[in-house]
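S.K.: Below is a structure I'd like to ask you about.
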Number of protein chains: 2
Amino acid sequence: MTCRYWSPRVDALSPYVPGEQPQQGERLIKLNTNENPYPPSPEVARMLAAYDVENLRLYPDPDARALRKSIADYYDVGVENIFVGNGSDEVLAHSFMAFFKQKEPILFPDVTYSFYTVYCALYDIHYKALAVHDDFTIGLEAYSQSNGGIIIPNPNAPTGIGLSLNQVEQLLKKNRDSVVIIDEAYVDFGGVSVIPLIKKYDNLLVIQTFSKSRNLAGMRVGFSVGNQQLIDGLERVKNSFNSYPLDTLAQAVAMSAIKDDVYFKKVCAMIIASRDLLAKRLESFGFEVLPSESNFLFVTHPEHKAESLYAGLKSKGMLVRHFAKSRINAYLRITVGKDEENAALCDALELILK
Amino acid sequence: MTCRYWSPRVDALSPYVPGEQPQQGERLIKLNTNENPYPPSPEVARMLAAYDVENLRLYPDPDARALRKSIADYYDVGVENIFVGNGSDEVLAHSFMAFFKQKEPILFPDVTYSFYTVYCALYDIHYKALAVHDDFTIGLEAYSQSNGGIIIPNPNAPTGIGLSLNQVEQLLKKNRDSVVIIDEAYVDFGGVSVIPLIKKYDNLLVIQTFSKSRNLAGMRVGFSVGNQQLIDGLERVKNSFNSYPLDTLAQAVAMSAIKDDVYFKKVCAMIIASRDLLAKRLESFGFEVLPSESNFLFVTHPEHKAESLYAGLKSKGMLVRHFAKSRINAYLRITVGKDEENAALCDALELILK
């Protein structure tokens, strides 16, 4: 499909396709988009119930200063080291424009978050996708070549495999001339954040989100942490696109969530425990389960096609994610739900496998 | 300032500077960013008070279908004719990318919304800014030249001067080969919307916002109305940038607001009445007041410098907007507030002018 009024660039786009969102009212077990199975912190409900909507007639704080201060304090960095955006997807988009539009191609793994190639098409950025090993671990030695930037999720998506702080630091030591983005969307489920390294490496940008570990996919709040000059570059792009990307309620909700560290830690620990249980049971059915430091499992069955398993589960009202892409089309990505949801999924799979 | 890690494009940006947002707690009369002086519809407070925050753990509907349906019904068009975004600024940014990145330059008035040139720098789009007449009306005959697109606010900002439906239709008749965007951010305060013309002209895109007439600047909800092929072009850009630009609460709040048509019409009528009162009083002090179809007045005083008046008002805790730009630096843009705010402003001006 095309249209004579579109810019030539628009014809060439292959937009990202998010996981299915069932319409309201559909009763499904939804383990396809890595949402948190638990509601946001009770602090969020308390804040909203008392909220004075009169505020909403005014523009939000364009600098989201109070929210950035909360995040900065939490991670022990300065407010000038924090950039916030409308979901980590927007933070990523602005980062590609701010740092990756260079002569040299940027580098990322061939098996990774599939939005990266989409941003490259949108902004006309060259890239090389470097093959991950057959066990889906990332071979960092390949990233020593000359480049216009590097982006790697840690843990990686959709595999769930993590890198150690030392591995990331080795990468940074060898790559001083372009920006290295570590996309930590899933880091709170057992990975190690490299935020402390921003004080040593002025070309490191770390991106996180409130969507997963802080139970707020619905509010679209993402942020990045880095040297002030990187943050200033992001601000320049943001202020050339939309001065107020985070609405007043999103700022308030995110602040309420980050205040409640006890709840955050409890929920992450529950999900990690549920993940390990789920992995064991899936292995007992013959699944190969990649080691995961995230809130999802990436699994394959030697005797069953992934798309048939996906379809079988869907017919029973259970959504998981299947990517029809080379190298990973034998796999399913299963979000870790509550124990009872995971058990229902396993029961259904057991029937399908028979 | 620059930084060796920035993309060359980022160095060249001149980001938009929004009007000052006072920090919470500051007691000011704030007539500088064209916000609505009245709170959102009571429907919004009612909805939020009963809101189940459990929903917020899930991603929003990426297609915002329910909200788009509400807007489509209100304007008597199809849901496929509606695109929504994170404020009309995001809708504008995506529109520039989707339609205006062409070989020919785009056209807009030299006195207009100052974000347009910023989008052009961000996306490397050529433009010609066509001079408005000395009385700030737009000479549409100049727009007959070959172009890559046309964008005109109606009413124009920061002048407040409107175009008639017939004028816009004449423009559309002469310009069939590129997209014409009419930016109707302020149209509900006495202007005439050209939305009905989208059925006749497949190259017309109309952009509106919930920030002004629907009292929701804090929620960042904008939309555009046009032929389905234009909407599809916008969707392609949006889905290459951020799949979920409107958070769940923003969608819910906007739906509550558009439901309450009685409140909407009452508030718009009150602001129009207050505007006319304010204009008369300012004229009685010797101000020249441009004819306004918006919720602000653009005024100049033959004997007083605009920047001194701006500074004098600020020292009294009253914010208005002054643009230090050629052609308009003798003017102040004053948002129409509640009658008591407008009266306080006039009292202060009377003292300053003495």
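Ligands are numbered from 1 in the order shown, chains are lettered A, B, ... in the order of the structure tokens, and residues start at 1 in each chain.
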Output chain A as an mmCIF file with C-alpha atoms, in the first residue's frame, after least-squares fitting it to chain B on all in-order C-alpha pairs.

M.R.:
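The result, stored in out09.cif:
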```
data_model
loop_
_atom_site.group_PDB
_atom_site.id
_atom_site.type_symbol
_atom_site.label_atom_id
_atom_site.label_comp_id
_atom_site.auth_asym_id
_atom_site.auth_seq_id
_atom_site.Cartn_x
_atom_site.Cartn_y
_atom_site.Cartn_z
ATOM 1 C CA MET A 1 27.484 23.996 23.226
ATOM 2 C CA THR A 2 28.191 20.750 21.503
ATOM 3 C CA CYS A 3 29.417 17.255 22.301
ATOM 4 C CA ARG A 4 31.441 14.847 20.201
ATOM 5 C CA TYR A 5 28.915 12.060 20.747
ATOM 6 C CA TRP A 6 25.970 13.949 19.241
ATOM 7 C CA SER A 7 24.758 13.259 15.725
ATOM 8 C CA PRO A 8 25.663 16.195 13.413
ATOM 9 C CA ARG A 9 21.919 16.892 13.040
ATOM 10 C CA VAL A 10 21.594 17.552 16.768
ATOM 11 C CA ASP A 11 24.135 20.385 16.668
ATOM 12 C CA ALA A 12 21.996 22.181 14.097
ATOM 13 C CA LEU A 13 18.772 22.098 16.128
ATOM 14 C CA SER A 14 17.183 25.210 17.650
ATOM 15 C CA PRO A 15 14.718 23.582 20.021
ATOM 16 C CA TYR A 16 11.315 25.115 20.754
ATOM 17 C CA VAL A 17 11.059 27.068 23.999
ATOM 18 C CA PRO A 18 7.691 26.640 25.694
ATOM 19 C CA GLY A 19 6.207 29.413 27.864
ATOM 20 C CA GLU A 20 7.386 29.483 31.471
ATOM 21 C CA GLN A 21 5.708 26.993 33.809
ATOM 22 C CA PRO A 22 5.881 28.329 37.361
ATOM 23 C CA GLN A 23 6.963 25.808 39.996
ATOM 24 C CA GLN A 24 4.241 24.410 42.175
ATOM 25 C CA GLY A 25 3.330 26.717 44.993
ATOM 26 C CA GLU A 26 4.164 29.954 43.145
ATOM 27 C CA ARG A 27 1.071 32.184 43.202
ATOM 28 C CA LEU A 28 0.867 33.793 39.802
ATOM 29 C CA ILE A 29 -1.737 34.994 37.373
ATOM 30 C CA LYS A 30 -0.690 32.819 34.471
ATOM 31 C CA LEU A 31 -1.830 34.182 31.110
ATOM 32 C CA ASN A 32 1.186 33.063 29.057
ATOM 33 C CA THR A 33 0.528 29.606 27.594
ATOM 34 C CA ASN A 34 -3.107 29.739 26.446
ATOM 35 C CA GLU A 35 -4.359 27.267 28.994
ATOM 36 C CA ASN A 36 -8.062 27.160 29.800
ATOM 37 C CA PRO A 37 -8.850 29.007 33.055
ATOM 38 C CA TYR A 38 -11.545 26.471 33.990
ATOM 39 C CA PRO A 39 -10.996 22.929 35.288
ATOM 40 C CA PRO A 40 -11.788 19.903 33.097
ATOM 41 C CA SER A 41 -15.365 18.620 32.918
ATOM 42 C CA PRO A 42 -16.650 17.115 36.191
ATOM 43 C CA GLU A 43 -16.906 13.854 34.225
ATOM 44 C CA VAL A 44 -13.104 13.646 34.406
ATOM 45 C CA ALA A 45 -13.010 13.873 38.207
ATOM 46 C CA ARG A 46 -15.818 11.317 38.486
ATOM 47 C CA MET A 47 -14.042 8.837 36.204
ATOM 48 C CA LEU A 48 -10.671 9.206 37.947
ATOM 49 C CA ALA A 49 -12.133 8.825 41.434
ATOM 50 C CA ALA A 50 -13.563 5.440 40.454
ATOM 51 C CA TYR A 51 -10.590 4.304 38.380
ATOM 52 C CA ASP A 52 -9.249 0.771 38.925
ATOM 53 C CA VAL A 53 -5.450 1.153 38.884
ATOM 54 C CA GLU A 54 -5.031 -2.572 38.255
ATOM 55 C CA ASN A 55 -5.488 -1.662 34.544
ATOM 56 C CA LEU A 56 -2.277 0.336 34.610
ATOM 57 C CA ARG A 57 -0.115 -2.790 34.776
ATOM 58 C CA LEU A 58 -1.213 -3.565 31.182
ATOM 59 C CA TYR A 59 -0.168 -1.729 28.027
ATOM 60 C CA PRO A 60 -2.712 0.751 26.697
ATOM 61 C CA ASP A 61 -4.688 -0.026 23.569
ATOM 62 C CA PRO A 62 -2.025 0.927 20.975
ATOM 63 C CA ASP A 63 -4.779 1.924 18.537
ATOM 64 C CA ALA A 64 -6.723 3.985 21.114
ATOM 65 C CA ARG A 65 -9.812 2.641 19.410
ATOM 66 C CA ALA A 66 -12.406 3.722 21.983
ATOM 67 C CA LEU A 67 -11.073 7.280 22.120
ATOM 68 C CA ARG A 68 -10.817 7.526 18.328
ATOM 69 C CA LYS A 69 -14.432 6.280 18.083
ATOM 70 C CA SER A 70 -15.587 8.988 20.526
ATOM 71 C CA ILE A 71 -13.822 11.695 18.516
ATOM 72 C CA ALA A 72 -15.080 10.285 15.192
ATOM 73 C CA ASP A 73 -18.667 10.214 16.427
ATOM 74 C CA TYR A 74 -18.382 13.765 17.735
ATOM 75 C CA TYR A 75 -17.192 15.098 14.364
ATOM 76 C CA ASP A 76 -19.371 12.777 12.263
ATOM 77 C CA VAL A 77 -16.521 11.018 10.494
ATOM 78 C CA GLY A 78 -15.290 7.404 10.568
ATOM 79 C CA VAL A 79 -12.901 5.983 13.146
ATOM 80 C CA GLU A 80 -10.501 5.386 10.202
ATOM 81 C CA ASN A 81 -10.379 9.174 9.729
ATOM 82 C CA ILE A 82 -8.953 9.830 13.205
ATOM 83 C CA PHE A 83 -5.341 9.707 14.394
ATOM 84 C CA VAL A 84 -4.462 10.470 18.027
ATOM 85 C CA GLY A 85 -1.142 11.471 19.567
ATOM 86 C CA ASN A 86 0.632 12.666 22.667
ATOM 87 C CA GLY A 87 -0.492 16.289 22.297
ATOM 88 C CA SER A 88 -1.027 17.997 18.957
ATOM 89 C CA ASP A 89 2.739 18.673 18.991
ATOM 90 C CA GLU A 90 3.394 14.956 18.495
ATOM 91 C CA VAL A 91 0.672 14.765 15.836
ATOM 92 C CA LEU A 92 2.349 17.698 14.069
ATOM 93 C CA ALA A 93 5.823 16.125 14.326
ATOM 94 C CA HIS A 94 4.593 12.857 12.801
ATOM 95 C CA SER A 95 2.723 14.802 10.092
ATOM 96 C CA PHE A 96 5.893 16.659 9.080
ATOM 97 C CA MET A 97 7.714 13.320 8.737
ATOM 98 C CA ALA A 98 4.809 11.563 7.017
ATOM 99 C CA PHE A 99 3.910 14.212 4.413
ATOM 100 C CA PHE A 100 6.344 17.122 4.322
ATOM 101 C CA LYS A 101 9.687 15.396 3.754
ATOM 102 C CA GLN A 102 9.611 16.149 0.005
ATOM 103 C CA LYS A 103 11.841 17.674 -2.646
ATOM 104 C CA GLU A 104 9.861 20.930 -2.832
ATOM 105 C CA PRO A 105 9.801 23.253 0.172
ATOM 106 C CA ILE A 106 6.723 23.418 2.359
ATOM 107 C CA LEU A 107 4.915 26.739 2.851
ATOM 108 C CA PHE A 108 3.658 28.468 5.985
ATOM 109 C CA PRO A 109 3.209 32.062 7.199
ATOM 110 C CA ASP A 110 6.259 33.884 8.555
ATOM 111 C CA VAL A 111 4.248 34.853 11.631
ATOM 112 C CA THR A 112 2.907 31.584 12.999
ATOM 113 C CA TYR A 113 3.418 28.771 15.516
ATOM 114 C CA SER A 114 7.169 28.758 16.025
ATOM 115 C CA PHE A 115 7.420 24.974 16.341
ATOM 116 C CA TYR A 116 7.038 24.517 12.545
ATOM 117 C CA THR A 117 10.591 25.619 11.745
ATOM 118 C CA VAL A 118 11.836 23.396 14.579
ATOM 119 C CA TYR A 119 10.256 20.275 13.049
ATOM 120 C CA CYS A 120 11.825 21.254 9.719
ATOM 121 C CA ALA A 121 15.277 21.324 11.328
ATOM 122 C CA LEU A 122 14.673 18.000 13.101
ATOM 123 C CA TYR A 123 13.631 16.203 9.922
ATOM 124 C CA ASP A 124 15.712 18.165 7.400
ATOM 125 C CA ILE A 125 12.672 19.582 5.591
ATOM 126 C CA HIS A 126 12.928 22.659 3.338
ATOM 127 C CA TYR A 127 10.465 25.465 3.857
ATOM 128 C CA LYS A 128 9.512 28.936 2.673
ATOM 129 C CA ALA A 129 7.958 31.241 5.256
ATOM 130 C CA LEU A 130 5.573 33.522 3.330
ATOM 131 C CA ALA A 131 5.144 37.025 4.718
ATOM 132 C CA VAL A 132 1.758 37.833 6.241
ATOM 133 C CA HIS A 133 0.332 41.270 5.403
ATOM 134 C CA ASP A 134 1.126 44.238 7.658
ATOM 135 C CA ASP A 135 -2.229 43.746 9.398
ATOM 136 C CA PHE A 136 -1.133 40.117 10.035
ATOM 137 C CA THR A 137 -3.798 38.617 7.756
ATOM 138 C CA ILE A 138 -2.573 35.752 5.570
ATOM 139 C CA GLY A 139 -2.369 36.424 1.821
ATOM 140 C CA LEU A 140 -3.493 33.071 0.463
ATOM 141 C CA GLU A 141 -2.671 33.988 -3.178
ATOM 142 C CA ALA A 142 1.033 33.419 -2.350
ATOM 143 C CA TYR A 143 0.314 29.751 -1.603
ATOM 144 C CA SER A 144 -0.405 28.935 -5.258
ATOM 145 C CA GLN A 145 3.283 28.307 -5.951
ATOM 146 C CA SER A 146 4.611 24.785 -6.286
ATOM 147 C CA ASN A 147 5.254 23.221 -2.861
ATOM 148 C CA GLY A 148 5.870 20.060 -0.848
ATOM 149 C CA GLY A 149 3.003 20.843 1.520
ATOM 150 C CA ILE A 150 1.224 23.720 3.266
ATOM 151 C CA ILE A 151 0.518 24.257 6.946
ATOM 152 C CA ILE A 152 -1.545 27.122 8.336
ATOM 153 C CA PRO A 153 -3.056 27.491 11.794
ATOM 154 C CA ASN A 154 -6.677 28.602 11.812
ATOM 155 C CA PRO A 155 -7.010 30.832 13.727
ATOM 156 C CA ASN A 156 -3.350 31.724 13.370
ATOM 157 C CA ALA A 157 -1.027 31.854 16.387
ATOM 158 C CA PRO A 158 0.079 34.101 17.930
ATOM 159 C CA THR A 159 -2.197 36.578 16.118
ATOM 160 C CA GLY A 160 -5.609 34.963 16.726
ATOM 161 C CA ILE A 161 -6.781 35.932 13.225
ATOM 162 C CA GLY A 162 -8.987 33.343 11.512
ATOM 163 C CA LEU A 163 -9.696 32.210 7.957
ATOM 164 C CA SER A 164 -13.188 31.427 6.681
ATOM 165 C CA LEU A 165 -14.200 27.968 5.451
ATOM 166 C CA ASN A 166 -14.485 29.445 1.980
ATOM 167 C CA GLN A 167 -10.924 30.802 2.072
ATOM 168 C CA VAL A 168 -9.567 27.379 3.065
ATOM 169 C CA GLU A 169 -11.632 25.705 0.358
ATOM 170 C CA GLN A 170 -10.235 28.086 -2.293
ATOM 171 C CA LEU A 171 -6.733 27.163 -1.120
ATOM 172 C CA LEU A 172 -7.571 23.448 -1.374
ATOM 173 C CA LYS A 173 -9.021 23.853 -4.866
ATOM 174 C CA LYS A 174 -5.757 25.373 -6.087
ATOM 175 C CA ASN A 175 -3.518 22.890 -4.275
ATOM 176 C CA ARG A 176 -4.342 19.285 -5.135
ATOM 177 C CA ASP A 177 -0.877 17.698 -5.213
ATOM 178 C CA SER A 178 0.465 18.095 -1.700
ATOM 179 C CA VAL A 179 -0.943 17.825 1.800
ATOM 180 C CA VAL A 180 -2.599 20.899 3.326
ATOM 181 C CA ILE A 181 -2.623 20.883 7.129
ATOM 182 C CA ILE A 182 -4.982 23.219 8.948
ATOM 183 C CA ASP A 183 -3.890 23.432 12.582
ATOM 184 C CA GLU A 184 -7.082 24.151 14.513
ATOM 185 C CA ALA A 185 -5.676 24.211 18.056
ATOM 186 C CA TYR A 186 -7.767 27.301 18.855
ATOM 187 C CA VAL A 187 -10.751 26.871 16.531
ATOM 188 C CA ASP A 188 -13.371 26.262 19.233
ATOM 189 C CA PHE A 189 -13.187 29.858 20.490
ATOM 190 C CA GLY A 190 -15.111 31.365 17.586
ATOM 191 C CA GLY A 191 -13.414 30.015 14.455
ATOM 192 C CA VAL A 192 -14.917 27.683 11.862
ATOM 193 C CA SER A 193 -13.557 24.138 11.621
ATOM 194 C CA VAL A 194 -12.855 22.793 8.146
ATOM 195 C CA ILE A 195 -13.291 19.157 9.235
ATOM 196 C CA PRO A 196 -16.342 18.769 6.930
ATOM 197 C CA LEU A 197 -14.056 19.411 3.938
ATOM 198 C CA ILE A 198 -12.069 16.184 4.505
ATOM 199 C CA LYS A 199 -14.825 14.302 2.655
ATOM 200 C CA LYS A 200 -14.181 16.399 -0.459
ATOM 201 C CA TYR A 201 -10.388 16.888 -0.298
ATOM 202 C CA ASP A 202 -8.248 13.795 0.261
ATOM 203 C CA ASN A 203 -5.161 15.963 0.847
ATOM 204 C CA LEU A 204 -6.621 17.914 3.786
ATOM 205 C CA LEU A 205 -5.482 17.071 7.312
ATOM 206 C CA VAL A 206 -7.052 18.941 10.241
ATOM 207 C CA ILE A 207 -5.257 18.912 13.608
ATOM 208 C CA GLN A 208 -6.922 19.687 16.939
ATOM 209 C CA THR A 209 -6.085 19.311 20.619
ATOM 210 C CA PHE A 210 -7.706 18.660 24.005
ATOM 211 C CA SER A 211 -5.306 21.170 25.587
ATOM 212 C CA LYS A 212 -7.267 24.375 25.086
ATOM 213 C CA SER A 213 -11.035 24.143 24.630
ATOM 214 C CA ARG A 214 -11.273 20.828 26.497
ATOM 215 C CA ASN A 215 -9.302 22.058 29.518
ATOM 216 C CA LEU A 216 -6.690 19.279 29.383
ATOM 217 C CA ALA A 217 -3.263 20.787 28.620
ATOM 218 C CA GLY A 218 -1.922 18.525 31.378
ATOM 219 C CA MET A 219 -2.977 15.318 29.638
ATOM 220 C CA ARG A 220 -1.321 15.759 26.221
ATOM 221 C CA VAL A 221 -4.004 14.565 23.849
ATOM 222 C CA GLY A 222 -4.097 15.787 20.266
ATOM 223 C CA PHE A 223 -5.703 14.351 17.149
ATOM 224 C CA SER A 224 -5.985 14.767 13.420
ATOM 225 C CA VAL A 225 -8.853 14.204 11.031
ATOM 226 C CA GLY A 226 -8.386 13.320 7.374
ATOM 227 C CA ASN A 227 -8.760 10.850 4.556
ATOM 228 C CA GLN A 228 -7.927 7.268 5.568
ATOM 229 C CA GLN A 229 -4.744 7.219 3.447
ATOM 230 C CA LEU A 230 -3.371 10.212 5.327
ATOM 231 C CA ILE A 231 -4.251 8.569 8.638
ATOM 232 C CA ASP A 232 -2.514 5.367 7.488
ATOM 233 C CA GLY A 233 0.628 7.378 6.690
ATOM 234 C CA LEU A 234 0.592 8.818 10.201
ATOM 235 C CA GLU A 235 0.082 5.339 11.684
ATOM 236 C CA ARG A 236 3.150 4.091 9.810
ATOM 237 C CA VAL A 237 5.293 6.832 11.350
ATOM 238 C CA LYS A 238 3.772 6.414 14.812
ATOM 239 C CA ASN A 239 4.344 2.657 14.752
ATOM 240 C CA SER A 240 7.969 3.279 13.801
ATOM 241 C CA PHE A 241 8.446 5.609 16.780
ATOM 242 C CA ASN A 242 6.329 4.524 19.765
ATOM 243 C CA SER A 243 3.521 1.989 19.578
ATOM 244 C CA TYR A 244 1.643 3.357 22.580
ATOM 245 C CA PRO A 245 1.881 7.166 22.590
ATOM 246 C CA LEU A 246 -1.251 7.721 24.680
ATOM 247 C CA ASP A 247 -1.230 6.205 28.134
ATOM 248 C CA THR A 248 -4.290 4.462 29.518
ATOM 249 C CA LEU A 249 -5.309 7.360 31.770
ATOM 250 C CA ALA A 250 -4.884 9.950 29.014
ATOM 251 C CA GLN A 251 -7.226 7.920 26.801
ATOM 252 C CA ALA A 252 -9.779 7.568 29.597
ATOM 253 C CA VAL A 253 -9.596 11.241 30.616
ATOM 254 C CA ALA A 254 -10.022 12.466 27.029
ATOM 255 C CA MET A 255 -13.044 10.205 26.537
ATOM 256 C CA SER A 256 -14.654 11.578 29.695
ATOM 257 C CA ALA A 257 -14.057 15.135 28.488
ATOM 258 C CA ILE A 258 -15.494 14.730 24.999
ATOM 259 C CA LYS A 259 -18.638 13.126 26.423
ATOM 260 C CA ASP A 260 -19.567 16.336 28.220
ATOM 261 C CA ASP A 261 -20.608 18.601 25.370
ATOM 262 C CA VAL A 262 -22.733 20.900 27.560
ATOM 263 C CA TYR A 263 -19.717 21.808 29.705
ATOM 264 C CA PHE A 264 -17.501 22.235 26.630
ATOM 265 C CA LYS A 265 -19.914 24.667 24.987
ATOM 266 C CA LYS A 266 -20.492 26.605 28.206
ATOM 267 C CA VAL A 267 -16.768 27.073 28.878
ATOM 268 C CA CYS A 268 -16.004 28.153 25.297
ATOM 269 C CA ALA A 269 -18.854 30.714 25.427
ATOM 270 C CA MET A 270 -17.592 32.101 28.748
ATOM 271 C CA ILE A 271 -14.077 32.514 27.367
ATOM 272 C CA ILE A 272 -15.350 34.238 24.221
ATOM 273 C CA ALA A 273 -17.386 36.669 26.361
ATOM 274 C CA SER A 274 -14.388 37.328 28.646
ATOM 275 C CA ARG A 275 -12.141 37.866 25.621
ATOM 276 C CA ASP A 276 -14.424 40.539 24.200
ATOM 277 C CA LEU A 277 -14.592 42.325 27.565
ATOM 278 C CA LEU A 278 -10.811 42.169 27.954
ATOM 279 C CA ALA A 279 -10.270 43.497 24.416
ATOM 280 C CA LYS A 280 -12.518 46.517 25.101
ATOM 281 C CA ARG A 281 -10.752 47.402 28.299
ATOM 282 C CA LEU A 282 -7.292 47.068 26.709
ATOM 283 C CA GLU A 283 -8.417 49.297 23.837
ATOM 284 C CA SER A 284 -9.557 51.866 26.377
ATOM 285 C CA PHE A 285 -5.904 52.083 27.537
ATOM 286 C CA GLY A 286 -4.708 52.748 23.998
ATOM 287 C CA PHE A 287 -3.758 49.182 23.049
ATOM 288 C CA GLU A 288 -4.247 48.028 19.500
ATOM 289 C CA VAL A 289 -5.901 44.615 19.745
ATOM 290 C CA LEU A 290 -5.919 42.262 16.739
ATOM 291 C CA PRO A 291 -9.312 40.679 15.997
ATOM 292 C CA SER A 292 -9.157 37.290 17.778
ATOM 293 C CA GLU A 293 -11.039 34.057 17.180
ATOM 294 C CA SER A 294 -8.948 32.325 19.838
ATOM 295 C CA ASN A 295 -8.530 32.243 23.634
ATOM 296 C CA PHE A 296 -5.795 34.884 23.539
ATOM 297 C CA LEU A 297 -5.319 38.473 22.386
ATOM 298 C CA PHE A 298 -2.345 39.798 20.453
ATOM 299 C CA VAL A 299 -1.860 43.419 21.442
ATOM 300 C CA THR A 300 0.547 46.320 21.036
ATOM 301 C CA HIS A 301 0.733 49.768 22.579
ATOM 302 C CA PRO A 302 1.942 52.676 20.439
ATOM 303 C CA GLU A 303 3.729 54.355 23.361
ATOM 304 C CA HIS A 304 5.088 51.446 25.382
ATOM 305 C CA LYS A 305 7.634 48.778 24.569
ATOM 306 C CA ALA A 306 6.204 45.270 24.804
ATOM 307 C CA GLU A 307 9.207 43.886 26.689
ATOM 308 C CA SER A 308 8.880 46.597 29.372
ATOM 309 C CA LEU A 309 5.190 45.824 29.789
ATOM 310 C CA TYR A 310 6.039 42.099 29.993
ATOM 311 C CA ALA A 311 8.675 42.772 32.644
ATOM 312 C CA GLY A 312 6.417 45.162 34.581
ATOM 313 C CA LEU A 313 3.649 42.553 34.697
ATOM 314 C CA LYS A 314 6.063 39.801 35.686
ATOM 315 C CA SER A 315 7.306 41.845 38.636
ATOM 316 C CA LYS A 316 3.675 41.975 39.800
ATOM 317 C CA GLY A 317 3.299 38.173 39.526
ATOM 318 C CA MET A 318 1.513 38.185 36.168
ATOM 319 C CA LEU A 319 2.821 36.161 33.231
ATOM 320 C CA VAL A 320 1.994 36.989 29.612
ATOM 321 C CA ARG A 321 4.011 35.978 26.525
ATOM 322 C CA HIS A 322 6.451 38.168 24.641
ATOM 323 C CA PHE A 323 8.272 36.853 21.553
ATOM 324 C CA ALA A 324 11.633 38.514 20.900
ATOM 325 C CA LYS A 325 11.267 38.050 17.149
ATOM 326 C CA SER A 326 11.221 40.401 14.188
ATOM 327 C CA ARG A 327 7.754 41.634 13.102
ATOM 328 C CA ILE A 328 6.131 40.716 16.426
ATOM 329 C CA ASN A 329 8.453 42.008 19.146
ATOM 330 C CA ALA A 330 6.208 45.042 19.720
ATOM 331 C CA TYR A 331 3.373 42.693 20.713
ATOM 332 C CA LEU A 332 2.229 40.792 23.769
ATOM 333 C CA ARG A 333 0.160 37.628 23.597
ATOM 334 C CA ILE A 334 -2.286 37.571 26.487
ATOM 335 C CA THR A 335 -4.250 34.419 27.294
ATOM 336 C CA VAL A 336 -7.883 35.077 28.203
ATOM 337 C CA GLY A 337 -8.317 34.112 31.844
ATOM 338 C CA LYS A 338 -11.309 34.257 34.145
ATOM 339 C CA ASP A 339 -12.898 37.723 34.347
ATOM 340 C CA GLU A 340 -11.260 38.384 37.717
ATOM 341 C CA GLU A 341 -7.802 37.472 36.372
ATOM 342 C CA ASN A 342 -8.309 39.651 33.305
ATOM 343 C CA ALA A 343 -9.436 42.522 35.544
ATOM 344 C CA ALA A 344 -6.366 42.139 37.766
ATOM 345 C CA LEU A 345 -4.175 42.191 34.664
ATOM 346 C CA CYS A 346 -5.871 45.350 33.382
ATOM 347 C CA ASP A 347 -5.531 47.053 36.770
ATOM 348 C CA ALA A 348 -1.822 46.260 36.773
ATOM 349 C CA LEU A 349 -1.375 47.475 33.196
ATOM 350 C CA GLU A 350 -3.218 50.692 34.000
ATOM 351 C CA LEU A 351 -0.705 51.400 36.785
ATOM 352 C CA ILE A 352 2.282 50.534 34.574
ATOM 353 C CA LEU A 353 1.064 52.771 31.728
ATOM 354 C CA LYS A 354 0.687 55.832 33.979
#
```

S.K.: Could you write out, as a PyMOL selection string, all the residues of stretch 94-230 of chain B that DSSP marks as helix (DSSP H, G or I)?

M.R.: chain B and resi 94-100+115-123+140-144+165-174+187-189+195-199+217-219+228-230

S.K.: Name the residues of stretch 198-346 of chain B that come out as strand (DSSP E) in a backbone DSSP run; write them as a list in words.

M.R.: Leu204, Leu205, Val206, Ile207, Gln208, Thr209, Val221, Gly222, Phe223, Ser224, Val225, Gly226, Glu288, Val289, Phe296, Leu297, Phe298, Val299, Thr300, Met318, Leu319, Tyr331, Leu332, Arg333, Ile334 and Thr335 of chain B
